[in-house]
>>> print(open('target.pdb').read())   # PDB, C-alpha atoms
MODEL        1
ATOM      1  CA  MET A   1      26.089   6.500  23.843
ATOM      2  CA  ALA A   2      26.674   8.505  20.676
ATOM      3  CA  TRP A   3      24.359  11.449  20.079
ATOM      4  CA  LYS A   4      21.908  11.098  17.170
ATOM      5  CA  PRO A   5      19.680  13.648  15.404
ATOM      6  CA  SER A   6      16.702  11.611  16.593
ATOM      7  CA  GLU A   7      17.334  13.274  19.975
ATOM      8  CA  ILE A   8      16.535  16.713  18.576
ATOM      9  CA  PRO A   9      13.398  17.957  20.337
ATOM     10  CA  ASP A  10      10.323  19.285  18.576
ATOM     11  CA  LEU A  11      11.325  22.628  17.040
ATOM     12  CA  THR A  12       7.867  23.906  16.159
ATOM     13  CA  GLY A  13       7.760  27.669  16.642
ATOM     14  CA  ARG A  14      11.543  28.118  16.469
ATOM     15  CA  THR A  15      13.366  29.899  13.639
ATOM     16  CA  PHE A  16      16.902  29.204  12.433
ATOM     17  CA  VAL A  17      19.086  31.246  10.071
ATOM     18  CA  ILE A  18      21.790  29.239   8.263
ATOM     19  CA  THR A  19      24.432  30.768   6.025
ATOM     20  CA  GLY A  20      25.616  28.841   2.971
ATOM     21  CA  ALA A  21      22.735  26.385   3.227
ATOM     22  CA  ASN A  22      22.440  25.642  -0.498
ATOM     23  CA  GLY A  23      24.662  22.552  -0.434
ATOM     24  CA  GLY A  24      26.805  20.188   1.600
ATOM     25  CA  ILE A  25      26.550  20.392   5.376
ATOM     26  CA  GLY A  26      24.223  23.398   5.298
ATOM     27  CA  LYS A  27      21.708  21.596   3.125
ATOM     28  CA  HIS A  28      21.569  18.614   5.474
ATOM     29  CA  THR A  29      21.374  20.874   8.520
ATOM     30  CA  THR A  30      18.429  22.681   6.956
ATOM     31  CA  ALA A  31      16.595  19.462   6.115
ATOM     32  CA  ALA A  32      17.054  18.032   9.614
ATOM     33  CA  LEU A  33      15.818  21.186  11.331
ATOM     34  CA  ALA A  34      12.832  21.580   9.030
ATOM     35  CA  GLY A  35      12.027  17.908   9.600
ATOM     36  CA  LYS A  36      11.656  18.674  13.303
ATOM     37  CA  GLY A  37       9.209  21.496  12.666
ATOM     38  CA  ALA A  38      11.552  24.493  12.595
ATOM     39  CA  ARG A  39      11.248  27.450  10.280
ATOM     40  CA  VAL A  40      14.572  27.757   8.433
ATOM     41  CA  ILE A  41      15.916  30.758   6.548
ATOM     42  CA  MET A  42      18.620  29.795   4.055
ATOM     43  CA  ALA A  43      20.944  32.808   3.781
ATOM     44  CA  CYS A  44      22.862  32.239   0.545
ATOM     45  CA  ARG A  45      24.781  34.051  -2.162
ATOM     46  CA  ASN A  46      23.407  31.809  -4.928
ATOM     47  CA  THR A  47      19.694  32.188  -4.317
ATOM     48  CA  ALA A  48      18.680  30.252  -7.442
ATOM     49  CA  THR A  49      20.496  27.110  -6.289
ATOM     50  CA  ALA A  50      19.274  27.669  -2.747
ATOM     51  CA  GLN A  51      15.672  27.844  -3.932
ATOM     52  CA  GLN A  52      16.049  24.534  -5.754
ATOM     53  CA  VAL A  53      17.318  22.986  -2.522
ATOM     54  CA  ALA A  54      14.526  24.593  -0.495
ATOM     55  CA  ASP A  55      11.905  23.278  -2.923
ATOM     56  CA  GLY A  56      13.137  19.744  -2.257
ATOM     57  CA  ILE A  57      12.844  19.983   1.528
ATOM     58  CA  ASP A  58       9.590  19.318   3.339
ATOM     59  CA  GLY A  59       8.753  22.017   5.843
ATOM     60  CA  GLU A  60       8.866  25.792   6.198
ATOM     61  CA  VAL A  61      12.049  26.785   4.375
ATOM     62  CA  THR A  62      12.680  30.182   2.792
ATOM     63  CA  VAL A  63      15.635  31.700   0.925
ATOM     64  CA  ALA A  64      17.230  35.104   1.483
ATOM     65  CA  ALA A  65      20.136  36.743  -0.351
ATOM     66  CA  LEU A  66      23.403  37.064   1.576
ATOM     67  CA  ASP A  67      26.894  37.524   0.134
ATOM     68  CA  LEU A  68      29.453  37.309   2.934
ATOM     69  CA  ALA A  69      32.106  38.696   0.584
ATOM     70  CA  ASP A  70      30.242  42.008   0.482
ATOM     71  CA  LEU A  71      29.593  43.863   3.748
ATOM     72  CA  SER A  72      26.859  45.926   2.109
ATOM     73  CA  SER A  73      25.007  42.659   1.429
ATOM     74  CA  VAL A  74      25.551  41.604   5.049
ATOM     75  CA  ARG A  75      24.088  44.892   6.266
ATOM     76  CA  GLU A  76      21.152  44.662   3.877
ATOM     77  CA  PHE A  77      20.348  41.136   5.062
ATOM     78  CA  ALA A  78      20.509  42.269   8.693
ATOM     79  CA  GLU A  79      18.282  45.283   8.051
ATOM     80  CA  HIS A  80      15.515  43.023   6.753
ATOM     81  CA  SER A  81      15.786  40.367   9.476
ATOM     82  CA  GLY A  82      13.333  40.038  12.326
ATOM     83  CA  GLU A  83      13.843  38.113  15.549
ATOM     84  CA  PHE A  84      14.842  34.470  15.391
ATOM     85  CA  ASP A  85      16.195  31.807  17.723
ATOM     86  CA  VAL A  86      19.457  30.456  16.312
ATOM     87  CA  LEU A  87      22.114  31.718  13.892
ATOM     88  CA  ILE A  88      24.307  29.035  12.315
ATOM     89  CA  ASN A  89      27.455  30.476  10.721
ATOM     90  CA  ASN A  90      27.977  27.627   8.275
ATOM     91  CA  ALA A  91      29.147  29.120   4.965
ATOM     92  CA  GLY A  92      32.777  28.860   3.968
ATOM     93  CA  LEU A  93      35.467  28.723   1.295
ATOM     94  CA  MET A  94      38.537  26.499   1.396
ATOM     95  CA  ASN A  95      41.997  26.608  -0.227
ATOM     96  CA  ILE A  96      41.012  28.879  -3.087
ATOM     97  CA  PRO A  97      43.444  30.978  -5.168
ATOM     98  CA  PHE A  98      44.267  34.446  -3.866
ATOM     99  CA  SER A  99      41.580  37.056  -4.314
ATOM    100  CA  ARG A 100      39.947  39.839  -2.346
ATOM    101  CA  THR A 101      36.368  40.504  -1.334
ATOM    102  CA  LYS A 102      34.434  43.557  -2.466
ATOM    103  CA  ASP A 103      35.690  45.331   0.648
ATOM    104  CA  GLY A 104      39.340  44.407  -0.009
ATOM    105  CA  PHE A 105      39.789  41.541   2.458
ATOM    106  CA  GLU A 106      41.643  38.330   1.606
ATOM    107  CA  THR A 107      38.702  36.211   0.511
ATOM    108  CA  GLN A 108      38.977  33.137   2.733
ATOM    109  CA  TRP A 109      39.416  35.209   5.889
ATOM    110  CA  GLY A 110      36.968  37.833   4.653
ATOM    111  CA  VAL A 111      34.162  35.356   4.004
ATOM    112  CA  ASN A 112      34.788  32.680   6.625
ATOM    113  CA  HIS A 113      35.490  35.019   9.522
ATOM    114  CA  LEU A 114      34.865  38.718   8.864
ATOM    115  CA  GLY A 115      31.579  38.189   7.029
ATOM    116  CA  HIS A 116      30.240  36.060   9.870
ATOM    117  CA  PHE A 117      31.680  38.402  12.515
ATOM    118  CA  ALA A 118      29.818  41.332  10.956
ATOM    119  CA  LEU A 119      26.632  39.343  10.435
ATOM    120  CA  THR A 120      26.552  38.103  14.024
ATOM    121  CA  GLY A 121      27.180  41.554  15.427
ATOM    122  CA  LEU A 122      24.424  43.118  13.340
ATOM    123  CA  LEU A 123      21.928  40.397  14.291
ATOM    124  CA  LEU A 124      22.854  39.715  17.912
ATOM    125  CA  ASP A 125      20.029  41.811  19.350
ATOM    126  CA  ARG A 126      17.562  39.677  17.363
ATOM    127  CA  VAL A 127      19.017  36.272  18.299
ATOM    128  CA  ARG A 128      16.845  34.876  21.086
ATOM    129  CA  ASP A 129      18.899  31.802  21.953
ATOM    130  CA  ARG A 130      22.312  31.024  20.469
ATOM    131  CA  VAL A 131      24.944  31.376  17.753
ATOM    132  CA  VAL A 132      26.736  28.345  16.282
ATOM    133  CA  THR A 133      29.954  28.937  14.342
ATOM    134  CA  LEU A 134      31.654  26.238  12.265
ATOM    135  CA  ALA A 135      35.404  26.047  12.719
ATOM    136  CA  SER A 136      37.562  23.130  11.505
ATOM    137  CA  ILE A 137      40.238  20.683  12.594
ATOM    138  CA  ALA A 138      42.358  22.673  10.105
ATOM    139  CA  HIS A 139      42.640  25.453  12.704
ATOM    140  CA  ARG A 140      45.518  23.422  14.165
ATOM    141  CA  GLN A 141      47.521  23.673  10.934
ATOM    142  CA  THR A 142      48.620  27.269  11.429
ATOM    143  CA  PRO A 143      51.555  27.928  13.777
ATOM    144  CA  LYS A 144      50.349  31.426  14.647
ATOM    145  CA  LEU A 145      47.740  34.060  14.001
ATOM    146  CA  TRP A 146      49.372  36.911  12.094
ATOM    147  CA  ILE A 147      47.419  39.529  14.023
ATOM    148  CA  ASP A 148      49.382  42.385  12.413
ATOM    149  CA  ASP A 149      48.854  41.079   8.868
ATOM    150  CA  LEU A 150      45.566  39.164   8.882
ATOM    151  CA  ASN A 151      44.712  40.533   5.460
ATOM    152  CA  TYR A 152      47.846  39.400   3.603
ATOM    153  CA  GLU A 153      49.246  42.831   2.878
ATOM    154  CA  HIS A 154      52.874  41.977   3.696
ATOM    155  CA  ARG A 155      53.339  38.204   3.400
ATOM    156  CA  ARG A 156      53.183  35.556   0.721
ATOM    157  CA  TYR A 157      49.783  33.988   0.260
ATOM    158  CA  GLN A 158      49.567  30.297   1.138
ATOM    159  CA  ARG A 159      46.067  29.056   0.548
ATOM    160  CA  ASN A 160      46.169  26.274   3.154
ATOM    161  CA  LEU A 161      47.456  28.618   5.857
ATOM    162  CA  ALA A 162      44.901  31.252   4.859
ATOM    163  CA  TYR A 163      42.150  28.685   5.336
ATOM    164  CA  ALA A 164      43.613  27.536   8.652
ATOM    165  CA  GLN A 165      43.830  31.170   9.812
ATOM    166  CA  SER A 166      40.180  31.742   8.925
ATOM    167  CA  LYS A 167      39.075  28.630  10.834
ATOM    168  CA  LEU A 168      41.226  29.527  13.832
ATOM    169  CA  SER A 169      39.544  32.932  13.725
ATOM    170  CA  ASN A 170      36.109  31.266  13.694
ATOM    171  CA  LEU A 171      36.976  29.260  16.783
ATOM    172  CA  MET A 172      38.486  32.198  18.645
ATOM    173  CA  PHE A 173      35.551  34.426  17.734
ATOM    174  CA  ALA A 174      33.021  31.897  19.053
ATOM    175  CA  ARG A 175      34.907  31.603  22.335
ATOM    176  CA  GLU A 176      35.343  35.356  22.786
ATOM    177  CA  LEU A 177      31.664  35.908  22.003
ATOM    178  CA  GLN A 178      30.678  33.408  24.690
ATOM    179  CA  ARG A 179      33.009  35.077  27.199
ATOM    180  CA  ARG A 180      31.531  38.510  26.493
ATOM    181  CA  LEU A 181      27.958  37.214  26.677
ATOM    182  CA  THR A 182      28.698  35.625  30.050
ATOM    183  CA  GLU A 183      30.330  38.795  31.385
ATOM    184  CA  ALA A 184      27.303  40.804  30.271
ATOM    185  CA  GLY A 185      24.962  38.453  32.125
ATOM    186  CA  SER A 186      23.270  37.380  28.899
ATOM    187  CA  THR A 187      21.496  34.044  28.606
ATOM    188  CA  LYS A 188      22.443  33.853  24.923
ATOM    189  CA  ARG A 189      25.105  31.310  24.048
ATOM    190  CA  SER A 190      27.895  30.969  21.494
ATOM    191  CA  TYR A 191      29.067  27.563  20.307
ATOM    192  CA  ALA A 192      32.116  26.528  18.309
ATOM    193  CA  VAL A 193      31.859  23.256  16.406
ATOM    194  CA  HIS A 194      33.703  21.429  13.674
ATOM    195  CA  PRO A 195      32.191  18.942  11.210
ATOM    196  CA  GLY A 196      35.163  16.620  10.800
ATOM    197  CA  VAL A 197      36.097  15.884   7.198
ATOM    198  CA  SER A 198      33.466  15.413   4.529
ATOM    199  CA  ALA A 199      33.469  15.236   0.735
ATOM    200  CA  THR A 200      31.543  18.425   0.040
ATOM    201  CA  ASP A 201      32.018  20.862  -2.844
ATOM    202  CA  LEU A 202      34.604  22.743  -0.776
ATOM    203  CA  PHE A 203      37.073  20.251  -2.198
ATOM    204  CA  THR A 204      36.294  21.192  -5.804
ATOM    205  CA  ARG A 205      37.086  24.920  -5.842
ATOM    206  CA  THR A 206      40.856  25.077  -5.564
ATOM    207  CA  GLU A 207      41.265  25.411  -9.362
ATOM    208  CA  THR A 208      44.009  22.769  -9.294
ATOM    209  CA  LEU A 209      44.224  19.060 -10.084
ATOM    210  CA  VAL A 210      43.170  18.430  -6.491
ATOM    211  CA  ASP A 211      39.616  19.237  -7.559
ATOM    212  CA  LYS A 212      39.446  16.012  -9.575
ATOM    213  CA  VAL A 213      40.667  13.633  -6.887
ATOM    214  CA  ALA A 214      39.916  15.208  -3.520
ATOM    215  CA  LYS A 215      36.271  14.236  -3.050
ATOM    216  CA  PRO A 216      36.784  10.479  -3.679
ATOM    217  CA  ALA A 217      39.877  10.451  -1.452
ATOM    218  CA  ILE A 218      38.199  12.406   1.334
ATOM    219  CA  ALA A 219      35.206  10.069   1.256
ATOM    220  CA  VAL A 220      37.521   7.260   2.399
ATOM    221  CA  ILE A 221      38.791   8.949   5.560
ATOM    222  CA  GLY A 222      35.876  11.257   6.341
ATOM    223  CA  HIS A 223      32.146  10.839   6.676
ATOM    224  CA  SER A 224      29.091  11.925   4.711
ATOM    225  CA  PRO A 225      27.821  15.529   4.685
ATOM    226  CA  ALA A 226      24.729  14.298   6.526
ATOM    227  CA  ARG A 227      26.908  12.937   9.343
ATOM    228  CA  ALA A 228      29.119  16.024   9.248
ATOM    229  CA  ALA A 229      26.018  18.112   9.969
ATOM    230  CA  HIS A 230      25.573  16.410  13.345
ATOM    231  CA  SER A 231      27.914  18.829  15.123
ATOM    232  CA  SER A 232      25.900  21.864  14.020
ATOM    233  CA  LEU A 233      22.615  20.163  14.813
ATOM    234  CA  PHE A 234      23.767  19.147  18.278
ATOM    235  CA  ALA A 235      24.974  22.633  19.229
ATOM    236  CA  ALA A 236      21.976  24.354  17.642
ATOM    237  CA  THR A 237      19.255  22.307  19.299
ATOM    238  CA  MET A 238      20.299  20.563  22.505
ATOM    239  CA  PRO A 239      19.191  22.586  25.549
ATOM    240  CA  ASP A 240      22.015  21.450  27.836
ATOM    241  CA  ALA A 241      24.954  21.585  25.388
ATOM    242  CA  ASP A 242      27.904  23.302  27.079
ATOM    243  CA  PRO A 243      28.962  26.434  25.129
ATOM    244  CA  ASN A 244      32.378  26.389  26.779
ATOM    245  CA  ARG A 245      33.319  23.192  24.925
ATOM    246  CA  TYR A 246      34.446  22.657  21.339
ATOM    247  CA  TRP A 247      32.122  20.069  19.779
ATOM    248  CA  GLY A 248      32.876  17.732  16.883
ATOM    249  CA  PRO A 249      33.991  14.257  15.817
ATOM    250  CA  THR A 250      37.156  12.854  17.402
ATOM    251  CA  ARG A 251      37.921   9.649  15.495
ATOM    252  CA  LEU A 252      40.827   9.579  13.025
ATOM    253  CA  PHE A 253      42.232  12.844  14.396
ATOM    254  CA  GLY A 254      38.816  14.466  14.219
ATOM    255  CA  SER A 255      37.949  13.363  10.703
ATOM    256  CA  GLN A 256      34.834  11.402  11.565
ATOM    257  CA  GLY A 257      32.718   9.864  14.286
ATOM    258  CA  PRO A 258      29.971  10.928  16.686
ATOM    259  CA  VAL A 259      29.791  14.381  18.240
ATOM    260  CA  ARG A 260      31.922  14.673  21.358
ATOM    261  CA  VAL A 261      34.067  17.233  23.165
ATOM    262  CA  SER A 262      36.883  17.839  20.699
ATOM    263  CA  PRO A 263      40.487  18.950  21.309
ATOM    264  CA  SER A 264      41.708  22.296  20.026
ATOM    265  CA  SER A 265      45.055  24.005  19.731
ATOM    266  CA  LYS A 266      46.622  25.890  22.619
ATOM    267  CA  LEU A 267      46.787  28.912  20.327
ATOM    268  CA  SER A 268      42.997  28.956  20.014
ATOM    269  CA  GLU A 269      42.684  29.344  23.796
ATOM    270  CA  ASP A 270      44.875  32.472  23.995
ATOM    271  CA  ARG A 271      42.497  35.040  25.507
ATOM    272  CA  GLU A 272      44.645  38.045  24.742
ATOM    273  CA  LEU A 273      44.853  36.988  21.104
ATOM    274  CA  GLN A 274      41.092  36.444  21.061
ATOM    275  CA  ARG A 275      40.615  39.999  22.307
ATOM    276  CA  ARG A 276      43.029  41.441  19.735
ATOM    277  CA  LEU A 277      41.314  39.523  16.923
ATOM    278  CA  TRP A 278      37.958  40.869  18.092
ATOM    279  CA  ASP A 279      39.217  44.459  18.155
ATOM    280  CA  GLU A 280      40.765  44.135  14.707
ATOM    281  CA  SER A 281      37.577  42.557  13.332
ATOM    282  CA  GLU A 282      35.493  45.439  14.652
ATOM    283  CA  ARG A 283      37.921  47.940  13.136
ATOM    284  CA  LEU A 284      37.933  46.325   9.701
ATOM    285  CA  THR A 285      34.190  45.665   9.431
ATOM    286  CA  GLY A 286      32.951  48.761  11.227
ATOM    287  CA  VAL A 287      30.593  46.546  13.220
ATOM    288  CA  HIS A 288      30.798  47.215  16.957
ATOM    289  CA  TYR A 289      29.024  44.821  19.291
ATOM    290  CA  THR A 290      26.752  45.944  22.130
ATOM    291  CA  PHE A 291      25.809  43.592  24.953
TER     292      PHE A 291
ENDMDL
END
>>> encode(input="target.pdb", output="structure tokens")
Amino acid sequence: MAWKPSEIPDLTGRTFVITGANGGIGKHTTAALAGKGARVIMACRNTATAQQVADGIDGEVTVAALDLADLSSVREFAEHSGEFDVLINNAGLMNIPFSRTKDGFETQWGVNHLGHFALTGLLLDRVRDRVVTLASIAHRQTPKLWIDDLNYEHRRYQRNLAYAQSKLSNLMFARELQRRLTEAGSTKRSYAVHPGVSATDLFTRTETLVDKVAKPAIAVIGHSPARAAHSSLFAATMPDADPNRYWGPTRLFGSQGPVRVSPSSKLSEDRELQRRLWDESERLTGVHYTF
């Protein structure tokens, strides 16, 4: 039978940190967790919008400032964080025009991957249970990971490939983190999930004509943000979920449907590439993990 959020156990006494929780999938993830008794910290760049969302959710929900495009903001957030149970790396940008973060990284890769890589590393000693990282079916759209030019210093920027690279990096990071946790004998777990396709505001920030037509078109083949949140909720709350699997919808090439074990590209399973991505991420962010 298909998994449903009604199967989420009582979460009273547990604390969740969710990045980018002020809209779309993050908003619905927050509401579902709070509805089960969890304390939820919405880590968001736009704190005013996040507070409006938090005010509309019943339960213990608080807002904290976090800009994943600024490593100083990531460090400041981490410095003020206490212990908690689950980190959900949810925030993301998709198919935006070329730009760079405050630290000089290509923005999609810098926010989607490097920001979350740094955040997770700085908080790992305070995570009691697990880390959930949102990848995407788009990770399969890139033919390679340009490990020697991840930051677009020497190649032409293609926004769709930049997004695919960032999502491939999310998936590879989650898998490498789980491998390192296992090798260290840790009981903490790292999950990679994808939400399928959903008509969120990600489809309105490309600054092209696509912004006007994407959400209605995507609504036809995808599913609602509330349904898209099921993957995150499953991985974040189910005690027996296998961290060595990639979880997400599988219908219509992964666009929609109930949460199941999802296929991923052969490239995403390359352990040597996972290791090289990890090393490069530590070098660029200055965040070095200890297990």
>>> atom_distance(input="target.pdb", atom1="atom CA of A:Arg245", atom2="atom CA of A:Ile25")
20.9 Å
>>> resolve_selection(input="target.pdb", expression="the PyMOL selection byres ((chain A and resi 30) around 10)", output="PDB file with C-alpha atoms, keeping the file's coordinate frame")
ATOM      1  CA  PHE A  16      16.902  29.204  12.433  1.00  0.00           C
ATOM      2  CA  VAL A  17      19.086  31.246  10.071  1.00  0.00           C
ATOM      3  CA  ILE A  18      21.790  29.239   8.263  1.00  0.00           C
ATOM      4  CA  ALA A  21      22.735  26.385   3.227  1.00  0.00           C
ATOM      5  CA  ASN A  22      22.440  25.642  -0.498  1.00  0.00           C
ATOM      6  CA  GLY A  23      24.662  22.552  -0.434  1.00  0.00           C
ATOM      7  CA  ILE A  25      26.550  20.392   5.376  1.00  0.00           C
ATOM      8  CA  GLY A  26      24.223  23.398   5.298  1.00  0.00           C
ATOM      9  CA  LYS A  27      21.708  21.596   3.125  1.00  0.00           C
ATOM     10  CA  HIS A  28      21.569  18.614   5.474  1.00  0.00           C
ATOM     11  CA  THR A  29      21.374  20.874   8.520  1.00  0.00           C
ATOM     12  CA  ALA A  31      16.595  19.462   6.115  1.00  0.00           C
ATOM     13  CA  ALA A  32      17.054  18.032   9.614  1.00  0.00           C
ATOM     14  CA  LEU A  33      15.818  21.186  11.331  1.00  0.00           C
ATOM     15  CA  ALA A  34      12.832  21.580   9.030  1.00  0.00           C
ATOM     16  CA  GLY A  35      12.027  17.908   9.600  1.00  0.00           C
ATOM     17  CA  ALA A  38      11.552  24.493  12.595  1.00  0.00           C
ATOM     18  CA  ARG A  39      11.248  27.450  10.280  1.00  0.00           C
ATOM     19  CA  VAL A  40      14.572  27.757   8.433  1.00  0.00           C
ATOM     20  CA  ILE A  41      15.916  30.758   6.548  1.00  0.00           C
ATOM     21  CA  MET A  42      18.620  29.795   4.055  1.00  0.00           C
ATOM     22  CA  VAL A  53      17.318  22.986  -2.522  1.00  0.00           C
ATOM     23  CA  ALA A  54      14.526  24.593  -0.495  1.00  0.00           C
ATOM     24  CA  ILE A  57      12.844  19.983   1.528  1.00  0.00           C
ATOM     25  CA  GLY A  59       8.753  22.017   5.843  1.00  0.00           C
ATOM     26  CA  VAL A  61      12.049  26.785   4.375  1.00  0.00           C
ATOM     27  CA  ALA A 229      26.018  18.112   9.969  1.00  0.00           C
ATOM     28  CA  LEU A 233      22.615  20.163  14.813  1.00  0.00           C
TER      29      LEU A 233
END
>>> closest_residue(input="target.pdb", among="A:Val127, A:Ala162, A:Ala241, A:Val197", to="A:Ser99", atoms="only C-alpha atoms")
A:Ala162
>>> closest_residue(input="target.pdb", among="A:Asn112, A:Ser255, A:Ser265, A:Gln51", to="A:Lys167", atoms="all atoms listed in the file")
A:Asn112
>>> resolve_selection(input="target.pdb", expression="the PyMOL selection byres ((chain A and resi 121) around 12)", output="MDAnalysis selection string")
chainID A and resid 74:75 78 87 114:120 122:127 131 173:174 177 278 281:282 285:291
>>> write_last_selection(input="target.pdb", atoms="C-alpha atoms", output="compact mmCIF listing (two decimals), keeping the file's coordinate frame")
# COMPACT_ATOMS: atom_id res chain seq x y z
CA VAL A 74 25.55 41.60 5.05
CA ARG A 75 24.09 44.89 6.27
CA ALA A 78 20.51 42.27 8.69
CA LEU A 87 22.11 31.72 13.89
CA LEU A 114 34.86 38.72 8.86
CA GLY A 115 31.58 38.19 7.03
CA HIS A 116 30.24 36.06 9.87
CA PHE A 117 31.68 38.40 12.52
CA ALA A 118 29.82 41.33 10.96
CA LEU A 119 26.63 39.34 10.44
CA THR A 120 26.55 38.10 14.02
CA LEU A 122 24.42 43.12 13.34
CA LEU A 123 21.93 40.40 14.29
CA LEU A 124 22.85 39.72 17.91
CA ASP A 125 20.03 41.81 19.35
CA ARG A 126 17.56 39.68 17.36
CA VAL A 127 19.02 36.27 18.30
CA VAL A 131 24.94 31.38 17.75
CA PHE A 173 35.55 34.43 17.73
CA ALA A 174 33.02 31.90 19.05
CA LEU A 177 31.66 35.91 22.00
CA TRP A 278 37.96 40.87 18.09
CA SER A 281 37.58 42.56 13.33
CA GLU A 282 35.49 45.44 14.65
CA THR A 285 34.19 45.66 9.43
CA GLY A 286 32.95 48.76 11.23
CA VAL A 287 30.59 46.55 13.22
CA HIS A 288 30.80 47.22 16.96
CA TYR A 289 29.02 44.82 19.29
CA THR A 290 26.75 45.94 22.13
CA PHE A 291 25.81 43.59 24.95
>>> atom_distance(input="target.pdb", atom1="atom CA of A:Val63", atom2="atom CA of A:Gly24")
16.1 Å
>>> atom_distance(input="target.pdb", atom1="atom CA of A:Asp129", atom2="atom CA of A:Leu181")
11.6 Å
>>> residues_near_point(input="target.pdb", point="(19.2, 23.3, 18.2)", cutoff="9 Å", atoms="only C-alpha atoms", output="list in words")
Ile8, Pro9, Leu11, Phe16, Leu33, Val86, Arg130, Ser232, Leu233, Phe234, Ala235, Ala236, Thr237, Met238 and Pro239 of chain A
>>> closest_residue(input="target.pdb", among="A:Gly196, A:Arg179, A:Met172, A:Lys188", to="A:Asp270", atoms="all atoms listed in the file")
A:Met172
>>> residues_near_point(input="target.pdb", point="(48.5, 31.4, 14.2)", cutoff="8 Å", atoms="only C-alpha atoms", output="compact mmCIF listing (two decimals) with C-alpha atoms, in the frame of the given file")
# COMPACT_ATOMS: atom_id res chain seq x y z
CA THR A 142 48.62 27.27 11.43
CA PRO A 143 51.56 27.93 13.78
CA LYS A 144 50.35 31.43 14.65
CA LEU A 145 47.74 34.06 14.00
CA TRP A 146 49.37 36.91 12.09
CA GLN A 165 43.83 31.17 9.81
CA LEU A 168 41.23 29.53 13.83
CA LEU A 267 46.79 28.91 20.33
>>> resolve_selection(input="target.pdb", expression="the PyMOL selection byres ((chain A and resi 106) around 10)", output="mmCIF file with C-alpha atoms, keeping the file's coordinate frame")
data_model
loop_
_atom_site.group_PDB
_atom_site.id
_atom_site.type_symbol
_atom_site.label_atom_id
_atom_site.label_comp_id
_atom_site.auth_asym_id
_atom_site.auth_seq_id
_atom_site.Cartn_x
_atom_site.Cartn_y
_atom_site.Cartn_z
ATOM 1 C CA ALA A 69 32.106 38.696 0.584
ATOM 2 C CA PHE A 98 44.267 34.446 -3.866
ATOM 3 C CA SER A 99 41.580 37.056 -4.314
ATOM 4 C CA ARG A 100 39.947 39.839 -2.346
ATOM 5 C CA THR A 101 36.368 40.504 -1.334
ATOM 6 C CA LYS A 102 34.434 43.557 -2.466
ATOM 7 C CA ASP A 103 35.690 45.331 0.648
ATOM 8 C CA GLY A 104 39.340 44.407 -0.009
ATOM 9 C CA PHE A 105 39.789 41.541 2.458
ATOM 10 C CA THR A 107 38.702 36.211 0.511
ATOM 11 C CA GLN A 108 38.977 33.137 2.733
ATOM 12 C CA TRP A 109 39.416 35.209 5.889
ATOM 13 C CA GLY A 110 36.968 37.833 4.653
ATOM 14 C CA VAL A 111 34.162 35.356 4.004
ATOM 15 C CA LEU A 114 34.865 38.718 8.864
ATOM 16 C CA LEU A 150 45.566 39.164 8.882
ATOM 17 C CA ASN A 151 44.712 40.533 5.460
ATOM 18 C CA TYR A 152 47.846 39.400 3.603
ATOM 19 C CA GLU A 153 49.246 42.831 2.878
ATOM 20 C CA TYR A 157 49.783 33.988 0.260
ATOM 21 C CA ALA A 162 44.901 31.252 4.859
ATOM 22 C CA SER A 166 40.180 31.742 8.925
#
>>> residues_around(input="target.pdb", residues="A:Glu76", least_positions_apart="5", cutoff="9 Å", atoms="all atoms listed in the file", output="NGL selection string")
:A and (66 or 71 or 81)
>>> closest_residue(input="target.pdb", among="A:Val261, A:Met1, A:Ile137, A:Ile147", to="A:Asp242", atoms="all atoms listed in the file")
A:Val261
>>> residues_around(input="target.pdb", residues="A:Arg275", least_positions_apart="4", cutoff="8 Å", atoms="only C-alpha atoms", output="ChimeraX atom specification")
/A:176,271,279
>>> closest_residue(input="target.pdb", among="A:Gly56, A:Gly185, A:Pro5, A:Gly257", to="A:Ser224", atoms="all atoms listed in the file")
A:Gly257
